[in-house]
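Data block below; observations after.
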Amino acid sequence: MPESDVIERTKEPITKVRLVRDLRTLGVSPGDVLLTHSSLSAVGWVVGGARAVIDALVEAIGEHGTLVMPAFSGDLSDPAEWRNPPVPAHWVQPIREAMPAFDPGRTPTRDMGQIAETFRKWPGVRRSTHPMSSMAALGPRAATITARHDIAYSLGDGSPMGWIYELDGRVLLIGVGHDRNSSLHLAETRCPHRREITRRMPIEQEGKVVWQSHPDVDDDEGHLFPQIGEAFENSGGVTFGKIGHAEGRLMRQRSLVDFAADWFESALGDHA
């Protein structure tokens, strides 16, 4: 969204002080392990932009809390499978040959938004090592959360998502819907009838980039995640409130994942 449009729809400049107040009113608490998905433009015109939003989140969870965000880099994938946008067929092999391997310090996020991209470069942030589905974390639990990240089933129990579940973390959606709620991938990996695909990605081995294939759950593309999110909200599992001008949704990740795993098994099992 152009900045002029954001200014036009914002009644007054939104400050970090207001964001901290909004977060605490919603229920974000000191000591939380907080997985956040966000849209900066949805919050409104923020004094300090993405930096101020991150500062507010860090203040709201305090020194004993841990902030986590997705740092996905979906462009480190087989160009033959790219759809948003696709590339000409004769580009595929040259792209494969020139594609760099994942580097936690240098590989940018893709389509994660300004807040997540700013956060992955934040001082002290740790980033997991998955080429496509890495996650970034800051705080006393960051090393634990990011230490292991299996290549297969990239958001399953052998990933930071699994650790957030074990630590009884919470999920915060700021101005985005459940189509962006990546904890739902963890739920689907636990379903015997999950929607499986094979992903190819470049991985560095002994100084060379090699392409490897690994099983994973498919991208949802807004097909089932919004339905699951709505059902979970109707069950009373979500707290709502404003973060600036954005709709905020706060929930326990464990409750969401357990609910969604049952939902997936019912929905996908019926079509097995």
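The way I read the labels, and the way they are meant: chains A, B, ... in the order of the structure tokens, residue 1 as the first residue of every chain, and ligand 1 as the first ligand shown, with later ones counted on from there.
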Mind the document's chain letters and residue numbers, and return as a ChimeraX atom specification the residues of stretch 2-222 of chain A that DSSP labels strand (DSSP E or B). /A:14,33-38,46,66-70,126-127,135-138,170-174,196-205,208-217
Restrict the selected residues to N, CA and C atoms and save them as a short mmCIF file (atom, residue, chain, number, x, y, z; two decimals), in the first residue's frame.
data_model
loop_
_atom_site.label_atom_id
_atom_site.label_comp_id
_atom_site.auth_asym_id
_atom_site.auth_seq_id
_atom_site.Cartn_x
_atom_site.Cartn_y
_atom_site.Cartn_z
N ILE A 14 0.76 7.05 14.96
CA ILE A 14 0.73 5.98 15.94
C ILE A 14 2.13 5.81 16.52
N VAL A 33 6.33 -16.33 24.96
CA VAL A 33 6.94 -16.72 23.70
C VAL A 33 5.89 -16.38 22.64
N LEU A 34 6.20 -15.39 21.80
CA LEU A 34 5.18 -14.77 20.96
C LEU A 34 5.56 -14.87 19.48
N LEU A 35 4.85 -15.70 18.73
CA LEU A 35 5.04 -15.82 17.29
C LEU A 35 4.12 -14.81 16.62
N THR A 36 4.72 -13.88 15.88
CA THR A 36 3.96 -12.76 15.33
C THR A 36 3.99 -12.76 13.82
N HIS A 37 2.80 -12.62 13.22
CA HIS A 37 2.64 -12.38 11.79
C HIS A 37 1.99 -11.00 11.66
N SER A 38 2.47 -10.17 10.73
CA SER A 38 2.03 -8.78 10.78
C SER A 38 2.03 -8.10 9.42
N VAL A 46 3.01 4.65 11.43
CA VAL A 46 3.68 4.48 12.71
C VAL A 46 4.94 5.35 12.75
N THR A 66 10.25 -14.00 24.58
CA THR A 66 10.94 -14.30 23.33
C THR A 66 10.01 -14.00 22.16
N LEU A 67 10.50 -13.19 21.25
CA LEU A 67 9.72 -12.81 20.06
C LEU A 67 10.19 -13.65 18.88
N VAL A 68 9.23 -14.20 18.13
CA VAL A 68 9.53 -15.05 16.98
C VAL A 68 8.75 -14.54 15.78
N MET A 69 9.40 -14.55 14.62
CA MET A 69 8.73 -14.19 13.37
C MET A 69 9.19 -15.12 12.26
N PRO A 70 8.32 -15.32 11.25
CA PRO A 70 8.76 -16.09 10.08
C PRO A 70 9.81 -15.30 9.31
N ARG A 126 18.41 -14.56 16.30
CA ARG A 126 18.90 -15.84 15.77
C ARG A 126 17.93 -16.32 14.70
N ARG A 127 18.50 -16.97 13.68
CA ARG A 127 17.68 -17.45 12.56
C ARG A 127 17.96 -18.92 12.33
N MET A 135 13.02 -19.38 10.54
CA MET A 135 12.31 -18.51 11.47
C MET A 135 13.34 -17.77 12.31
N ALA A 136 12.98 -16.56 12.73
CA ALA A 136 13.88 -15.69 13.48
C ALA A 136 13.33 -15.49 14.88
N ALA A 137 14.22 -15.40 15.86
CA ALA A 137 13.78 -15.27 17.25
C ALA A 137 14.75 -14.41 18.03
N LEU A 138 14.20 -13.70 19.02
CA LEU A 138 14.98 -12.82 19.88
C LEU A 138 14.52 -13.01 21.32
N ARG A 170 2.44 -18.32 22.21
CA ARG A 170 1.21 -17.74 21.69
C ARG A 170 1.44 -17.18 20.28
N VAL A 171 0.37 -17.09 19.54
CA VAL A 171 0.40 -16.55 18.18
C VAL A 171 -0.32 -15.21 18.18
N LEU A 172 0.31 -14.22 17.57
CA LEU A 172 -0.29 -12.90 17.43
C LEU A 172 -0.37 -12.55 15.95
N LEU A 173 -1.58 -12.31 15.46
CA LEU A 173 -1.79 -11.83 14.10
C LEU A 173 -2.10 -10.34 14.17
N ILE A 174 -1.31 -9.54 13.48
CA ILE A 174 -1.51 -8.08 13.47
C ILE A 174 -1.87 -7.67 12.05
N GLU A 196 0.42 -33.69 0.80
CA GLU A 196 1.87 -33.76 0.65
C GLU A 196 2.34 -33.33 -0.73
N ILE A 197 3.52 -32.73 -0.75
CA ILE A 197 4.21 -32.42 -2.00
C ILE A 197 5.69 -32.72 -1.80
N THR A 198 6.47 -32.61 -2.87
CA THR A 198 7.92 -32.70 -2.79
C THR A 198 8.49 -31.34 -3.17
N ARG A 199 9.35 -30.81 -2.31
CA ARG A 199 9.99 -29.53 -2.59
C ARG A 199 11.46 -29.76 -2.95
N ARG A 200 11.93 -29.02 -3.95
CA ARG A 200 13.35 -29.04 -4.30
C ARG A 200 13.95 -27.70 -3.91
N MET A 201 15.14 -27.74 -3.32
CA MET A 201 15.78 -26.50 -2.86
C MET A 201 17.29 -26.63 -2.94
N PRO A 202 17.98 -25.49 -3.08
CA PRO A 202 19.44 -25.52 -3.15
C PRO A 202 20.06 -25.57 -1.75
N ILE A 203 20.97 -26.50 -1.54
CA ILE A 203 21.61 -26.68 -0.24
C ILE A 203 23.12 -26.75 -0.46
N GLU A 204 23.86 -26.07 0.39
CA GLU A 204 25.31 -26.08 0.25
C GLU A 204 25.91 -27.31 0.92
N GLN A 205 26.72 -28.03 0.18
CA GLN A 205 27.44 -29.21 0.69
C GLN A 205 28.88 -29.16 0.21
N LYS A 208 29.72 -26.56 -2.33
CA LYS A 208 28.99 -26.56 -3.59
C LYS A 208 27.49 -26.52 -3.32
N VAL A 209 26.77 -25.92 -4.26
CA VAL A 209 25.31 -25.87 -4.16
C VAL A 209 24.74 -27.07 -4.90
N VAL A 210 23.98 -27.88 -4.17
CA VAL A 210 23.33 -29.05 -4.77
C VAL A 210 21.82 -28.92 -4.55
N TRP A 211 21.05 -29.49 -5.47
CA TRP A 211 19.60 -29.48 -5.35
C TRP A 211 19.13 -30.78 -4.72
N GLN A 212 18.32 -30.65 -3.67
CA GLN A 212 17.78 -31.81 -2.98
C GLN A 212 16.26 -31.75 -2.95
N SER A 213 15.64 -32.91 -2.89
CA SER A 213 14.19 -33.01 -2.81
C SER A 213 13.78 -33.56 -1.46
N HIS A 214 12.74 -32.96 -0.88
CA HIS A 214 12.28 -33.38 0.44
C HIS A 214 10.76 -33.28 0.51
N PRO A 215 10.11 -34.17 1.26
CA PRO A 215 8.66 -34.11 1.41
C PRO A 215 8.24 -32.97 2.33
N ASP A 216 7.06 -32.46 2.08
CA ASP A 216 6.53 -31.37 2.91
C ASP A 216 5.02 -31.34 2.74
N VAL A 217 4.34 -30.54 3.55
CA VAL A 217 2.92 -30.29 3.29
C VAL A 217 2.81 -29.17 2.27
#
Show which residues sit within 9 Å of A:Leu23, as a short mmCIF file (atom, residue, chain, number, x, y, z; two decimals) with C-alpha atoms, in the first residue's frame. Count only C-alpha atoms, and ignore same-chain residues fewer than 3 positions away.
data_model
loop_
_atom_site.label_atom_id
_atom_site.label_comp_id
_atom_site.auth_asym_id
_atom_site.auth_seq_id
_atom_site.Cartn_x
_atom_site.Cartn_y
_atom_site.Cartn_z
CA ARG A 18 0.33 3.48 22.01
CA LEU A 19 1.34 0.14 20.48
CA VAL A 20 2.65 -1.15 23.81
CA LEU A 26 -5.02 -7.37 24.02
CA GLY A 27 -3.30 -9.66 26.51
CA VAL A 28 0.35 -9.84 25.45
CA SER A 29 2.26 -10.41 28.69
CA ALA A 56 6.79 -2.23 21.14
CA LEU A 57 6.57 -6.02 20.86
CA ALA A 60 5.40 -5.81 25.82
CA GLY A 241 -8.33 -6.11 19.90
CA LYS A 242 -6.86 -3.20 17.98
CA ILE A 243 -3.11 -2.78 17.47
CA GLY A 248 -5.17 -8.01 16.43
#
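For the set A:Arg254, A:His185, A:Lys11, A:Arg51, the residue with the smallest atom-to-atom gap to A:Ala116 is A:Arg51, counting only C-alpha atoms.
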Surrounding residues of stretch 87-99 of chain A excluding itself and chain neighbours under 6 positions, 8 Å, only C-alpha atoms, as a PyMOL selection string: chain A and resi 76+78-80+202
Print the selection's residues with N, CA and C atoms to a file, as a PDB file, in the first residue's frame.
ATOM      1  N   LEU A  76      14.005 -19.485  -2.724  1.00  0.00           N
ATOM      2  CA  LEU A  76      15.052 -20.507  -2.761  1.00  0.00           C
ATOM      3  C   LEU A  76      14.398 -21.873  -2.977  1.00  0.00           C
ATOM      4  N   ASP A  78      12.699 -24.547  -6.452  1.00  0.00           N
ATOM      5  CA  ASP A  78      12.836 -24.897  -7.858  1.00  0.00           C
ATOM      6  C   ASP A  78      12.046 -23.912  -8.722  1.00  0.00           C
ATOM      7  N   PRO A  79      12.723 -23.168  -9.608  1.00  0.00           N
ATOM      8  CA  PRO A  79      11.999 -22.183 -10.436  1.00  0.00           C
ATOM      9  C   PRO A  79      10.966 -22.810 -11.358  1.00  0.00           C
ATOM     10  N   ALA A  80      11.089 -24.104 -11.615  1.00  0.00           N
ATOM     11  CA  ALA A  80      10.078 -24.767 -12.444  1.00  0.00           C
ATOM     12  C   ALA A  80       8.715 -24.772 -11.761  1.00  0.00           C
ATOM     13  N   PRO A 202      17.983 -25.494  -3.078  1.00  0.00           N
ATOM     14  CA  PRO A 202      19.443 -25.522  -3.146  1.00  0.00           C
ATOM     15  C   PRO A 202      20.057 -25.568  -1.748  1.00  0.00           C
TER      16      PRO A 202
END
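Checking A:Gln253, A:Asn181, A:Ser77, A:Thr129 one by one against A:Gly162, counting only C-alpha atoms, you find the shortest gap at A:Gln253.
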Fewer than 2 positions away in the same chain doesn't count, so skip those; otherwise give me all residues within 6 Å of A:Ala50, counting only C-alpha atoms, as an NGL selection string. :A and (52-53 or 115)
For those residues, write C-alpha atoms to a file as a short mmCIF file (atom, residue, chain, number, x, y, z; two decimals), in the first residue's frame.
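Wrote again-v5.cif, looks like this:
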data_model
loop_
_atom_site.label_atom_id
_atom_site.label_comp_id
_atom_site.auth_asym_id
_atom_site.auth_seq_id
_atom_site.Cartn_x
_atom_site.Cartn_y
_atom_site.Cartn_z
CA ALA A 52 8.82 1.02 16.41
CA VAL A 53 6.51 -1.98 16.06
CA ILE A 115 8.29 -5.88 10.05
#
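Taking atom CA of A:Gly269 and atom CA of A:Ser183 as the two end points, the separation is 20.0 Å.
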